[in-house]
>>> print(open('query.cif').read())   # mmCIF, C-alpha atoms and all ligand atoms
data_entry
loop_
_atom_site.label_atom_id
_atom_site.label_comp_id
_atom_site.auth_asym_id
_atom_site.auth_seq_id
_atom_site.Cartn_x
_atom_site.Cartn_y
_atom_site.Cartn_z
CA MET A 493 -11.86 -5.40 -33.69
CA ASP A 494 -14.66 -3.00 -32.82
CA VAL A 495 -14.28 -1.17 -29.51
CA ILE A 496 -18.03 -0.46 -29.28
CA GLU A 497 -18.71 -4.18 -29.47
CA VAL A 498 -16.22 -4.84 -26.65
CA ILE A 499 -17.93 -2.20 -24.47
CA THR A 500 -21.48 -3.36 -25.23
CA THR A 501 -20.58 -7.03 -24.63
CA LYS A 502 -19.60 -6.17 -21.06
CA ARG A 503 -22.37 -3.59 -20.64
CA ASP A 504 -24.93 -6.30 -21.44
CA GLY A 505 -23.39 -8.76 -18.94
CA GLY A 506 -21.48 -10.90 -21.45
CA ARG A 507 -17.98 -12.30 -21.24
CA LEU A 508 -15.04 -10.87 -23.15
CA SER A 509 -13.10 -13.24 -25.41
CA ASN A 510 -9.32 -13.59 -25.11
CA ASP A 511 -8.93 -11.77 -28.42
CA GLN A 512 -11.13 -8.91 -27.28
CA ILE A 513 -9.14 -8.53 -24.05
CA ASP A 514 -5.72 -8.69 -25.73
CA TRP A 515 -6.80 -6.20 -28.33
CA VAL A 516 -8.46 -3.64 -26.07
CA ILE A 517 -5.53 -3.51 -23.62
CA GLN A 518 -2.96 -3.08 -26.39
CA ALA A 519 -5.11 -0.60 -28.32
CA TYR A 520 -5.66 1.47 -25.16
CA THR A 521 -1.91 1.45 -24.38
CA ASP A 522 -1.20 2.58 -27.95
CA GLY A 523 -3.80 5.37 -27.81
CA VAL A 524 -6.09 3.74 -30.39
CA VAL A 525 -8.88 3.23 -27.83
CA ALA A 526 -9.74 6.60 -26.29
CA ASP A 527 -9.96 7.41 -22.58
CA GLU A 528 -13.74 7.84 -22.73
CA GLN A 529 -14.12 4.40 -24.33
CA MET A 530 -11.92 2.73 -21.73
CA SER A 531 -13.85 4.58 -18.97
CA ALA A 532 -17.09 3.11 -20.27
CA LEU A 533 -15.57 -0.36 -20.34
CA ALA A 534 -14.12 0.03 -16.84
CA MET A 535 -17.55 1.07 -15.53
CA ALA A 536 -19.18 -1.90 -17.27
CA ILE A 537 -16.61 -4.19 -15.60
CA LEU A 538 -17.26 -2.54 -12.24
CA LEU A 539 -21.00 -3.11 -12.59
CA ASN A 540 -21.01 -6.56 -14.24
CA GLY A 541 -17.74 -8.14 -13.11
CA MET A 542 -15.44 -10.57 -14.89
CA ASP A 543 -15.00 -14.31 -14.39
CA ARG A 544 -11.70 -15.90 -13.30
CA ASP A 545 -10.52 -16.60 -16.86
CA GLU A 546 -11.29 -13.07 -18.02
CA ILE A 547 -9.37 -11.62 -15.05
CA ALA A 548 -6.39 -13.89 -15.72
CA ARG A 549 -6.34 -12.89 -19.40
CA TRP A 550 -6.76 -9.19 -18.58
CA THR A 551 -3.80 -9.46 -16.17
CA ALA A 552 -1.67 -11.29 -18.77
CA ALA A 553 -2.48 -8.64 -21.37
CA MET A 554 -1.40 -5.86 -19.00
CA ILE A 555 1.87 -7.71 -18.28
CA ALA A 556 2.42 -8.14 -22.03
CA SER A 557 2.00 -4.38 -22.55
CA GLY A 558 5.50 -3.84 -21.06
CA GLU A 559 8.72 -5.42 -19.92
CA ARG A 560 9.32 -8.20 -17.41
CA MET A 561 12.14 -8.02 -14.91
CA ASP A 562 14.43 -10.96 -14.25
CA PHE A 563 16.05 -11.60 -10.88
CA SER A 564 17.34 -15.07 -11.74
CA SER A 565 20.96 -13.85 -11.62
CA LEU A 566 20.69 -13.04 -7.89
CA ARG A 567 22.36 -15.26 -5.29
CA HIS A 568 19.23 -15.32 -3.13
CA PRO A 569 15.52 -16.08 -3.60
CA THR A 570 13.20 -13.06 -3.87
CA ALA A 571 10.08 -12.16 -1.89
CA ASP A 572 7.91 -9.06 -2.09
CA LYS A 573 4.95 -7.70 -0.13
CA HIS A 574 2.06 -5.63 -1.39
CA SER A 575 -0.45 -3.80 0.77
CA THR A 576 -3.76 -2.72 -0.71
CA GLY A 577 -3.30 0.57 1.13
CA GLY A 578 -4.18 1.97 4.48
CA VAL A 579 -3.70 4.77 6.98
CA GLY A 580 -0.40 4.77 8.88
CA ASP A 581 0.76 1.74 6.89
CA LYS A 582 4.53 2.15 7.09
CA ILE A 583 5.17 -1.61 7.33
CA THR A 584 7.26 -1.83 4.12
CA LEU A 585 9.92 0.37 5.73
CA PRO A 586 10.99 -2.00 8.54
CA LEU A 587 9.83 -5.14 6.69
CA ALA A 588 12.09 -5.00 3.61
CA PRO A 589 15.36 -4.73 5.59
CA LEU A 590 14.14 -7.27 8.16
CA VAL A 591 13.52 -9.95 5.53
CA ALA A 592 16.82 -9.17 3.77
CA VAL A 593 18.71 -10.02 6.99
CA PHE A 594 17.86 -13.67 6.29
CA ASP A 595 19.28 -13.80 2.74
CA VAL A 596 15.97 -13.33 0.97
CA ALA A 597 16.17 -10.42 -1.48
CA VAL A 598 13.30 -7.91 -1.38
CA PRO A 599 12.57 -6.03 -4.63
CA GLN A 600 9.90 -3.64 -3.39
CA LEU A 601 8.48 -1.53 -6.21
CA SER A 602 6.29 1.03 -4.50
CA GLY A 603 3.97 3.84 -5.35
CA ARG A 604 2.95 7.30 -4.28
CA GLY A 605 -0.14 8.03 -2.23
CA LEU A 606 -3.37 9.18 -3.73
CA GLY A 607 -6.44 10.15 -1.74
CA HIS A 608 -6.35 9.44 1.97
CA THR A 609 -3.82 6.58 1.86
CA GLY A 610 -0.12 7.38 1.96
CA GLY A 611 2.50 6.11 -0.48
CA THR A 612 5.76 4.48 0.55
CA LEU A 613 7.83 6.61 -1.84
CA ASP A 614 6.37 9.84 -0.40
CA LYS A 615 7.38 8.65 3.08
CA LEU A 616 10.96 7.78 2.12
CA GLU A 617 11.39 11.06 0.25
CA SER A 618 11.24 12.84 3.61
CA ILE A 619 14.76 11.44 4.23
CA PRO A 620 17.26 14.06 2.99
CA GLY A 621 18.92 12.98 -0.26
CA TRP A 622 16.94 9.75 -0.82
CA ARG A 623 15.86 9.09 -4.40
CA ALA A 624 13.07 6.82 -5.61
CA ALA A 625 14.02 6.46 -9.28
CA LEU A 626 16.51 3.68 -10.04
CA SER A 627 17.32 2.05 -13.36
CA ASN A 628 16.72 -1.70 -13.61
CA GLU A 629 20.51 -2.21 -13.45
CA GLU A 630 20.82 -0.09 -10.29
CA MET A 631 17.96 -1.99 -8.70
CA LEU A 632 19.56 -5.35 -9.45
CA ALA A 633 22.96 -4.20 -8.19
CA GLN A 634 21.44 -2.93 -4.93
CA LEU A 635 19.49 -6.14 -4.43
CA ASP A 636 22.70 -8.09 -4.79
CA ALA A 637 24.79 -5.84 -2.54
CA VAL A 638 22.27 -4.85 0.17
CA GLY A 639 19.46 -7.39 -0.23
CA ALA A 640 16.60 -4.87 -0.20
CA VAL A 641 15.46 -2.04 -2.42
CA ILE A 642 12.37 0.15 -2.23
CA CYS A 643 11.99 2.21 -5.39
CA ALA A 644 9.54 3.50 -8.01
CA ALA A 645 8.33 1.11 -10.68
CA GLY A 646 9.97 2.08 -13.97
CA SER A 647 7.75 3.28 -16.80
CA GLY A 648 8.35 0.04 -18.72
CA LEU A 649 6.48 -2.16 -16.24
CA ALA A 650 2.80 -2.80 -17.13
CA PRO A 651 2.29 0.56 -18.91
CA ALA A 652 -1.33 -0.42 -19.61
CA ASP A 653 -1.97 -0.43 -15.86
CA LYS A 654 -0.34 2.97 -15.36
CA LYS A 655 -2.70 4.50 -17.88
CA LEU A 656 -5.76 2.59 -16.74
CA TYR A 657 -5.16 3.23 -13.04
CA ALA A 658 -4.94 7.00 -13.60
CA LEU A 659 -8.17 6.83 -15.61
CA ARG A 660 -10.00 4.78 -12.97
CA ASP A 661 -8.91 7.22 -10.33
CA THR A 662 -10.84 10.01 -12.05
CA THR A 663 -13.88 8.00 -13.20
CA GLY A 664 -15.14 6.31 -10.02
CA THR A 665 -13.95 2.89 -11.18
CA VAL A 666 -11.20 2.11 -8.68
CA GLU A 667 -13.26 -0.23 -6.48
CA ALA A 668 -13.86 -3.03 -8.99
CA ILE A 669 -12.31 -6.28 -7.69
CA PRO A 670 -11.28 -7.57 -11.18
CA LEU A 671 -9.59 -4.23 -11.93
CA ILE A 672 -7.84 -3.93 -8.54
CA ALA A 673 -6.65 -7.55 -8.62
CA SER A 674 -5.34 -7.36 -12.19
CA SER A 675 -3.74 -3.96 -11.57
CA ILE A 676 -1.79 -5.12 -8.52
CA MET A 677 -0.89 -8.55 -9.83
CA SER A 678 0.20 -7.43 -13.32
CA LYS A 679 2.87 -5.25 -11.70
CA LYS A 680 3.97 -7.90 -9.23
CA ILE A 681 4.16 -10.69 -11.82
CA ALA A 682 5.99 -8.42 -14.31
CA GLU A 683 8.40 -7.45 -11.54
CA GLY A 684 9.51 -11.09 -11.40
CA THR A 685 9.41 -11.79 -7.66
CA GLY A 686 9.51 -15.48 -6.74
CA ALA A 687 7.25 -15.12 -3.68
CA LEU A 688 4.60 -12.56 -2.84
CA VAL A 689 2.74 -11.81 0.37
CA LEU A 690 -0.37 -9.68 0.01
CA ASP A 691 -1.62 -7.56 2.90
CA VAL A 692 -5.30 -7.04 2.10
CA LYS A 693 -6.74 -4.33 4.32
CA VAL A 694 -10.30 -4.45 5.64
CA GLY A 695 -12.22 -1.62 7.28
CA SER A 696 -13.12 2.05 7.19
CA GLY A 697 -9.68 3.21 6.03
CA ALA A 698 -9.34 0.56 3.27
CA PHE A 699 -10.68 0.15 -0.29
CA MET A 700 -12.44 -3.01 0.93
CA LYS A 701 -14.86 -2.01 3.68
CA THR A 702 -16.15 -5.52 4.43
CA ARG A 703 -14.48 -8.81 5.24
CA GLU A 704 -16.43 -10.51 2.46
CA ARG A 705 -15.11 -8.21 -0.28
CA ALA A 706 -11.58 -8.31 1.11
CA GLU A 707 -11.67 -12.12 1.03
CA GLU A 708 -12.88 -12.08 -2.56
CA LEU A 709 -10.09 -9.70 -3.57
CA ALA A 710 -7.49 -11.78 -1.70
CA ARG A 711 -8.68 -15.04 -3.27
CA THR A 712 -8.67 -13.49 -6.76
CA MET A 713 -5.11 -12.20 -6.34
CA VAL A 714 -3.77 -15.43 -4.80
CA ASP A 715 -5.22 -17.39 -7.74
CA LEU A 716 -3.67 -14.97 -10.26
CA GLY A 717 -0.24 -15.19 -8.58
CA THR A 718 -0.30 -18.95 -8.19
CA GLY A 719 -1.46 -19.35 -11.80
CA ALA A 720 1.54 -17.30 -12.94
CA GLY A 721 4.01 -19.41 -10.92
CA VAL A 722 4.52 -16.91 -8.06
CA HIS A 723 4.27 -18.40 -4.54
CA THR A 724 1.44 -16.14 -3.29
CA VAL A 725 -0.18 -15.84 0.14
CA ALA A 726 -2.60 -13.18 1.44
CA LEU A 727 -3.27 -11.95 4.95
CA LEU A 728 -6.45 -10.03 5.74
CA THR A 729 -5.59 -7.30 8.23
CA ASP A 730 -7.52 -4.64 10.10
CA MET A 731 -7.80 -1.13 8.70
CA ASP A 732 -10.65 0.18 10.87
CA THR A 733 -7.94 1.56 13.13
CA PRO A 734 -4.82 3.27 11.73
CA LEU A 735 -1.58 1.31 12.04
CA GLY A 736 0.67 2.60 14.79
CA LEU A 737 0.63 6.09 16.23
CA THR A 738 1.48 8.21 13.16
CA ALA A 739 0.01 9.00 9.74
CA GLY A 740 2.08 11.28 7.51
CA ASN A 741 5.38 11.01 5.70
CA ALA A 742 8.29 11.99 8.01
CA LEU A 743 6.22 11.02 11.07
CA GLU A 744 5.87 7.48 9.71
CA VAL A 745 9.57 7.20 8.86
CA ARG A 746 10.34 8.19 12.46
CA GLU A 747 8.05 5.43 13.73
CA ALA A 748 9.52 2.85 11.33
CA VAL A 749 13.01 3.70 12.61
CA GLU A 750 11.75 3.19 16.18
CA VAL A 751 10.60 -0.31 15.15
CA LEU A 752 14.00 -1.00 13.54
CA ALA A 753 15.61 0.09 16.82
CA GLY A 754 13.65 -2.60 18.68
CA GLY A 755 10.80 -0.32 19.92
CA GLY A 756 7.73 1.18 18.26
CA PRO A 757 4.01 0.49 18.64
CA ALA A 758 3.01 -3.13 19.28
CA ASP A 759 0.67 -3.41 16.28
CA VAL A 760 3.35 -2.20 13.84
CA VAL A 761 5.87 -4.65 15.29
CA GLU A 762 3.36 -7.52 15.21
CA LEU A 763 2.39 -6.96 11.58
CA THR A 764 6.01 -6.45 10.48
CA VAL A 765 7.10 -9.71 12.09
CA THR A 766 4.04 -11.65 10.87
CA LEU A 767 4.53 -10.52 7.27
CA ALA A 768 8.28 -11.18 7.48
CA ARG A 769 7.57 -14.74 8.63
CA GLU A 770 5.17 -15.24 5.69
CA MET A 771 7.68 -13.83 3.17
CA LEU A 772 10.48 -16.01 4.50
CA ALA A 773 8.27 -19.10 4.45
CA ALA A 774 7.09 -18.35 0.91
CA ALA A 775 10.74 -17.98 -0.15
CA GLY A 776 11.57 -21.42 1.26
CA LYS A 777 12.65 -20.48 4.82
CA PRO A 778 9.72 -21.54 7.02
CA ASP A 779 11.75 -22.09 10.20
CA VAL A 780 13.28 -18.64 10.60
CA ASP A 781 12.10 -16.39 13.47
CA PRO A 782 12.68 -12.81 12.26
CA ALA A 783 11.71 -11.04 15.54
CA PRO A 784 15.19 -11.03 17.18
CA ALA A 785 16.66 -9.15 14.18
CA LEU A 786 14.61 -6.08 15.13
CA ALA A 787 15.83 -6.13 18.72
CA ASP A 788 19.51 -6.81 18.00
CA GLY A 789 20.10 -4.20 15.28
CA ARG A 790 20.58 -6.48 12.25
CA ALA A 791 17.53 -5.09 10.45
CA MET A 792 18.64 -1.54 11.30
CA ASP A 793 22.03 -2.23 9.68
CA VAL A 794 20.33 -3.27 6.42
CA TRP A 795 18.00 -0.23 6.61
CA ARG A 796 20.99 2.13 6.90
CA ARG A 797 22.73 0.53 3.92
CA MET A 798 19.48 0.50 1.91
CA ILE A 799 18.85 4.21 2.51
CA ALA A 800 22.49 5.19 1.85
CA ALA A 801 22.57 3.16 -1.40
CA GLN A 802 19.82 5.44 -2.74
CA GLY A 803 21.57 8.67 -1.73
CA GLY A 804 19.79 9.11 1.60
CA ASP A 805 21.48 10.05 4.86
CA PRO A 806 20.18 7.69 7.56
CA ASP A 807 21.66 9.98 10.25
CA ALA A 808 20.11 13.22 8.97
CA PRO A 809 17.38 14.63 11.24
CA LEU A 810 13.91 14.24 9.75
CA PRO A 811 12.02 17.48 9.04
CA VAL A 812 9.59 18.64 11.73
CA ALA A 813 6.43 20.73 11.18
CA GLU A 814 6.60 24.34 12.19
CA HIS A 815 2.89 24.40 13.02
CA GLN A 816 1.34 21.91 15.44
CA HIS A 817 -2.01 21.74 17.17
CA VAL A 818 -3.12 19.38 19.93
CA VAL A 819 -6.69 17.97 20.03
CA VAL A 820 -7.72 16.85 23.53
CA ALA A 821 -10.31 14.41 24.91
CA GLU A 822 -13.68 15.97 25.71
CA ARG A 823 -14.54 13.33 28.29
CA ASP A 824 -13.18 10.52 30.43
CA GLY A 825 -13.51 7.03 29.00
CA HIS A 826 -12.01 4.00 27.36
CA VAL A 827 -11.21 4.47 23.66
CA ALA A 828 -13.53 2.05 21.84
CA ARG A 829 -12.78 3.11 18.27
CA LEU A 830 -10.29 5.31 16.41
CA ASP A 831 -11.52 5.78 12.86
CA ALA A 832 -8.82 5.14 10.26
CA MET A 833 -10.65 7.03 7.53
CA ALA A 834 -10.96 10.19 9.68
CA VAL A 835 -7.24 10.12 10.53
CA GLY A 836 -6.32 9.49 6.89
CA VAL A 837 -8.44 12.41 5.69
CA ALA A 838 -7.00 14.69 8.39
CA ALA A 839 -3.41 13.82 7.40
CA TRP A 840 -4.29 14.35 3.76
CA ARG A 841 -5.87 17.76 4.42
CA LEU A 842 -2.86 18.81 6.49
CA GLY A 843 -0.71 18.29 3.38
CA ALA A 844 0.55 14.69 3.70
CA GLY A 845 -1.39 13.55 0.62
CA ARG A 846 -2.34 14.92 -2.76
CA ALA A 847 -5.62 15.69 -4.50
CA ARG A 848 -4.18 15.31 -8.02
CA LYS A 849 -1.27 13.09 -8.92
CA GLU A 850 0.93 16.01 -9.95
CA ASP A 851 0.56 17.74 -6.53
CA ALA A 852 3.53 17.89 -4.14
CA VAL A 853 3.20 16.47 -0.63
CA GLN A 854 4.59 17.95 2.58
CA ALA A 855 7.17 15.75 4.30
CA VAL A 856 6.25 17.21 7.70
CA ALA A 857 2.45 17.04 7.56
CA GLY A 858 0.38 14.43 9.36
CA VAL A 859 -1.31 13.27 12.52
CA GLU A 860 0.29 11.86 15.65
CA MET A 861 -2.05 9.76 17.78
CA HIS A 862 -1.70 9.66 21.56
CA ALA A 863 -4.39 7.09 22.37
CA ARG A 864 -5.57 3.87 20.71
CA PRO A 865 -8.51 1.53 21.21
CA GLY A 866 -8.20 -0.05 24.64
CA ASP A 867 -6.52 3.00 26.24
CA HIS A 868 -8.21 4.98 29.02
CA VAL A 869 -8.17 8.78 28.66
CA THR A 870 -9.23 11.60 30.97
CA THR A 871 -10.83 14.89 29.96
CA GLY A 872 -8.20 17.24 28.53
CA ALA A 873 -5.66 14.51 27.76
CA PRO A 874 -4.06 14.82 24.30
CA LEU A 875 -5.65 12.64 21.61
CA PHE A 876 -3.94 13.93 18.47
CA THR A 877 -1.16 16.32 17.49
CA LEU A 878 -1.72 17.76 14.01
CA HIS A 879 1.41 18.71 12.04
CA THR A 880 1.62 20.97 8.98
CA ALA A 881 3.84 23.46 7.20
CA THR A 882 0.78 25.54 6.25
CA PRO A 883 -1.28 26.70 9.28
CA GLU A 884 -4.32 27.55 7.15
CA ARG A 885 -4.81 23.79 6.74
CA LEU A 886 -5.23 23.17 10.49
CA GLU A 887 -8.93 24.02 10.66
CA ARG A 888 -9.92 21.45 8.03
CA GLY A 889 -7.63 18.87 9.59
CA ILE A 890 -9.27 19.40 12.99
CA ALA A 891 -12.73 19.13 11.37
CA ALA A 892 -11.83 15.75 9.83
CA LEU A 893 -11.07 14.39 13.30
CA GLU A 894 -14.43 15.35 14.81
CA GLY A 895 -16.09 12.12 15.92
CA ALA A 896 -12.97 10.06 15.07
CA VAL A 897 -12.81 8.71 18.63
CA GLU A 898 -15.65 6.72 20.17
CA TYR A 899 -15.68 6.08 23.91
CA SER A 900 -16.93 3.34 26.21
CA ASP A 901 -17.55 3.53 29.95
CA THR A 902 -16.30 -0.01 30.39
CA PRO A 903 -12.85 -1.39 29.50
CA VAL A 904 -12.27 -2.24 25.85
CA THR A 905 -10.13 -5.04 24.42
CA PRO A 906 -8.74 -3.99 21.02
CA GLY A 907 -9.41 -6.34 18.12
CA PRO A 908 -6.69 -8.40 16.41
CA VAL A 909 -4.48 -6.94 13.66
CA VAL A 910 -4.46 -10.11 11.54
CA LEU A 911 -7.97 -11.27 10.67
CA GLY A 912 -7.35 -14.15 8.29
CA ARG A 913 -5.03 -15.90 5.83
CA ILE A 914 -5.63 -17.14 2.29
CA SER A 915 -3.19 -19.33 0.40
N1 LIG B 1001 -3.32 -0.50 -6.03
C1 LIG B 1001 -3.04 -0.76 -7.32
O1 LIG B 1001 -1.88 -0.87 -7.71
N2 LIG B 1001 -4.07 -0.88 -8.18
C2 LIG B 1001 -5.36 -0.78 -7.79
O2 LIG B 1001 -6.22 -0.91 -8.60
C3 LIG B 1001 -5.62 -0.50 -6.44
C4 LIG B 1001 -4.58 -0.37 -5.57
#
>>> encode(input="query.cif", output="structure tokens")
Amino acid sequence: MDVIEVITTKRDGGRLSNDQIDWVIQAYTDGVVADEQMSALAMAILLNGMDRDEIARWTAAMIASGERMDFSSLRHPTADKHSTGGVGDKITLPLAPLVAVFDVAVPQLSGRGLGHTGGTLDKLESIPGWRAALSNEEMLAQLDAVGAVICAAGSGLAPADKKLYALRDTTGTVEAIPLIASSIMSKKIAEGTGALVLDVKVGSGAFMKTRERAEELARTMVDLGTGAGVHTVALLTDMDTPLGLTAGNALEVREAVEVLAGGGPADVVELTVTLAREMLAAAGKPDVDPAPALADGRAMDVWRRMIAAQGGDPDAPLPVAEHQHVVVAERDGHVARLDAMAVGVAAWRLGAGRARKEDAVQAVAGVEMHARPGDHVTTGAPLFTLHTATPERLERGIAALEGAVEYSDTPVTPGPVVLGRIS
């Protein structure tokens, strides 16, 4: 096989054969195809796209590059959730234990944040003692004993994607729908979940800025999952506004624990319960109402066992930033818009995210929001509290939030969290 021919086929708008796809993925994983050649191919795919069959084959080839997990020995059906990434998206934290209450096992392989979106593992690592790395055997044992596990994907799962994702991240080729869909779905199919609910984010703080592109991504992923025998459903949800009132690692864990204690911001509760309902239905339990398990402590019990099983102390106080700065409203008005991207960038600059994948993140850094769309504020009222361990970061964090809030003189009704559903 000739790698130049594979690249030029896609560059000139052609379709890749099954043999070409199988070969190029394996050869790239093995180091036979070089990074610069794969970058050229990824850019050609971004510009010229792939048809459904090419995407399905590309996904299958990435799955075949590594191992597949097997949960068939578990007593309960499995269901997983994947979010395409957003600002303040801490939903996995209350969701996994909530679903496990109802005897559906949740094998949640999660990632670290890159850019302005946070990663679930970074959030959980702000809990003293908690560890992300589990062996496959430990993961299976925890799923059986506790019913939920949130951990890092092992290096054996879709290694082609690991390499390709890191390359795309540095070559401006992340935003290609065929590459995003195959990247996400190769990991989820290889993971072996029986049911999968996708939370596809739309808006300023998401990869997909428009409803049209989000729908295309959702449809592509649902088709890939269904074609591989995974019961797959997608919700399109808003990411113009951050989720909840916090963005940043320990701050988001605090908010997730509030939700597990029966409180927390209404949008976080609504999305957690809606996704839980979808996961339970996809796993064969359509009549269960998960909401009461947040209020009565059952989900909190699973959370505590899930954290403790991975070495974390659920009673340990979360770290708090030594340096804080409050940004206040410059005028009276109704909050019409709170820009997710601006909040995400501020949290990132304060130290909650990383610029390169080997960077460390601060557990304490982030942004607390005191007003949301629909709220009325008066001049001088607090809008944001910025948190960081490194005060020299405050200035750039404050700059990111300039213009993040838009006002209206008349009352504002906030938009819905869930925008659509694709199955
Ligand atoms: N998340 C992934 O796992 N892959 C992508 O390509 C984008 C988001």
>>> residues_around(input="query.cif", residues="Phe699 (chain A)", least_positions_apart="6", cutoff="12 Å", atoms="all atoms listed in the file", output="JSON, numbers by chain")
{"A": [575, 576, 577, 578, 579, 607, 608, 609, 665, 666, 667, 668, 669, 672, 692, 693, 705, 706, 709, 730, 731, 732, 832, 833]}
>>> closest_residue(input="query.cif", among="A:Ser564, A:Thr905, A:Thr551, A:Thr882", to="ligand LIG 1001 (chain B)", atoms="all atoms listed in the file")
A:Thr551
>>> closest_residue(input="query.cif", among="A:Pro782, A:Pro670, A:Gly684, A:Gly541", to="ligand LIG 1001 (chain B)", atoms="all atoms listed in the file")
A:Pro670
>>> residues_around(input="query.cif", residues="Leu671 (chain A)", least_positions_apart="3", cutoff="12 Å", atoms="all atoms listed in the file", output="ChimeraX atom specification")
/A:533-544,546-551,554,652-653,656-657,659-661,665-668,674-678,709,712-713
>>> residues_near_point(input="query.cif", point="(12.8, -10.3, 16.7)", cutoff="12 Å", atoms="all atoms listed in the file", output="PyMOL selection string")
chain A and resi 586-587+590-591+593+751-755+761-762+764-766+768-769+780-792
>>> residues_around(input="query.cif", residues="Ala896 (chain A)", least_positions_apart="4", cutoff="10 Å", atoms="only C-alpha atoms", output="ChimeraX atom specification")
/A:829-835,891-892
>>> atom_distance(input="query.cif", atom1="CA of Arg746 (chain A)", atom2="CA of Thr877 (chain A)")
15.0 Å
>>> closest_residue(input="query.cif", among="A:Leu690, A:Met561, A:Leu616, A:Val495", to="ligand LIG 1001 (chain B)", atoms="all atoms listed in the file")
A:Leu690
>>> residues_near_point(input="query.cif", point="(5.0, 26.8, 8.2)", cutoff="8 Å", atoms="all atoms listed in the file", output="list in words")
Ala813, Glu814, His815, Thr880, Ala881, Thr882 and Pro883 of chain A
>>> atom_distance(input="query.cif", atom1="CA of Val498 (chain A)", atom2="atom C3 of ligand LIG 1001 (chain B)")
23.2 Å
>>> atom_distance(input="query.cif", atom1="CA of Gly686 (chain A)", atom2="CA of Glu630 (chain A)")
19.4 Å
>>> closest_residue(input="query.cif", among="A:Val837, A:Ile914, A:Ser696, A:His568", to="Thr724 (chain A)", atoms="only C-alpha atoms")
A:Ile914
>>> residues_around(input="query.cif", residues="Arg864 (chain A)", least_positions_apart="6", cutoff="12 Å", atoms="all atoms listed in the file", output="ChimeraX atom specification")
/A:732-738,757-759,825-832,874-876,896-899,904-907
>>> closest_residue(input="query.cif", among="A:Gly697, A:Gly776, A:Pro620, A:Gly836", to="Gln802 (chain A)", atoms="only C-alpha atoms")
A:Pro620
>>> axis_aligned_box(input="query.cif", around="region 896-907 of chain A", padding_each_side="6 Å", output="JSON")
{"center_x": -13.1, "center_y": 1.9, "center_z": 22.7, "size_x": 20.8, "size_y": 28.4, "size_z": 27.3}
>>> build_atoms(input="query.cif", residues="region 714-723 of chain A", atoms="N, CA, C and O atoms", output="PDB file, in the coordinates of the input")
ATOM      1  N   VAL A 714      -4.565 -14.214  -5.069  1.00  0.00           N
ATOM      2  CA  VAL A 714      -3.770 -15.430  -4.800  1.00  0.00           C
ATOM      3  C   VAL A 714      -3.873 -16.368  -6.007  1.00  0.00           C
ATOM      4  O   VAL A 714      -2.872 -16.933  -6.457  1.00  0.00           O
ATOM      5  N   ASP A 715      -5.063 -16.524  -6.566  1.00  0.00           N
ATOM      6  CA  ASP A 715      -5.220 -17.390  -7.740  1.00  0.00           C
ATOM      7  C   ASP A 715      -4.411 -16.870  -8.934  1.00  0.00           C
ATOM      8  O   ASP A 715      -3.792 -17.641  -9.665  1.00  0.00           O
ATOM      9  N   LEU A 716      -4.434 -15.549  -9.133  1.00  0.00           N
ATOM     10  CA  LEU A 716      -3.670 -14.970 -10.260  1.00  0.00           C
ATOM     11  C   LEU A 716      -2.173 -15.229 -10.074  1.00  0.00           C
ATOM     12  O   LEU A 716      -1.479 -15.613 -11.012  1.00  0.00           O
ATOM     13  N   GLY A 717      -1.666 -14.997  -8.847  1.00  0.00           N
ATOM     14  CA  GLY A 717      -0.240 -15.190  -8.580  1.00  0.00           C
ATOM     15  C   GLY A 717       0.157 -16.643  -8.752  1.00  0.00           C
ATOM     16  O   GLY A 717       1.123 -16.965  -9.458  1.00  0.00           O
ATOM     17  N   THR A 718      -0.617 -17.526  -8.126  1.00  0.00           N
ATOM     18  CA  THR A 718      -0.300 -18.950  -8.190  1.00  0.00           C
ATOM     19  C   THR A 718      -0.327 -19.427  -9.643  1.00  0.00           C
ATOM     20  O   THR A 718       0.562 -20.160 -10.084  1.00  0.00           O
ATOM     21  N   GLY A 719      -1.337 -18.963 -10.390  1.00  0.00           N
ATOM     22  CA  GLY A 719      -1.460 -19.350 -11.800  1.00  0.00           C
ATOM     23  C   GLY A 719      -0.275 -18.895 -12.629  1.00  0.00           C
ATOM     24  O   GLY A 719       0.049 -19.493 -13.655  1.00  0.00           O
ATOM     25  N   ALA A 720       0.388 -17.817 -12.185  1.00  0.00           N
ATOM     26  CA  ALA A 720       1.540 -17.300 -12.940  1.00  0.00           C
ATOM     27  C   ALA A 720       2.857 -17.833 -12.376  1.00  0.00           C
ATOM     28  O   ALA A 720       3.938 -17.347 -12.738  1.00  0.00           O
ATOM     29  N   GLY A 721       2.787 -18.794 -11.436  1.00  0.00           N
ATOM     30  CA  GLY A 721       4.010 -19.410 -10.920  1.00  0.00           C
ATOM     31  C   GLY A 721       4.671 -18.624  -9.790  1.00  0.00           C
ATOM     32  O   GLY A 721       5.826 -18.885  -9.447  1.00  0.00           O
ATOM     33  N   VAL A 722       3.964 -17.659  -9.203  1.00  0.00           N
ATOM     34  CA  VAL A 722       4.520 -16.910  -8.060  1.00  0.00           C
ATOM     35  C   VAL A 722       3.919 -17.511  -6.787  1.00  0.00           C
ATOM     36  O   VAL A 722       2.697 -17.651  -6.682  1.00  0.00           O
ATOM     37  N   HIS A 723       4.765 -17.854  -5.819  1.00  0.00           N
ATOM     38  CA  HIS A 723       4.270 -18.400  -4.540  1.00  0.00           C
ATOM     39  C   HIS A 723       3.547 -17.255  -3.812  1.00  0.00           C
ATOM     40  O   HIS A 723       4.191 -16.347  -3.307  1.00  0.00           O
TER      41      HIS A 723
END
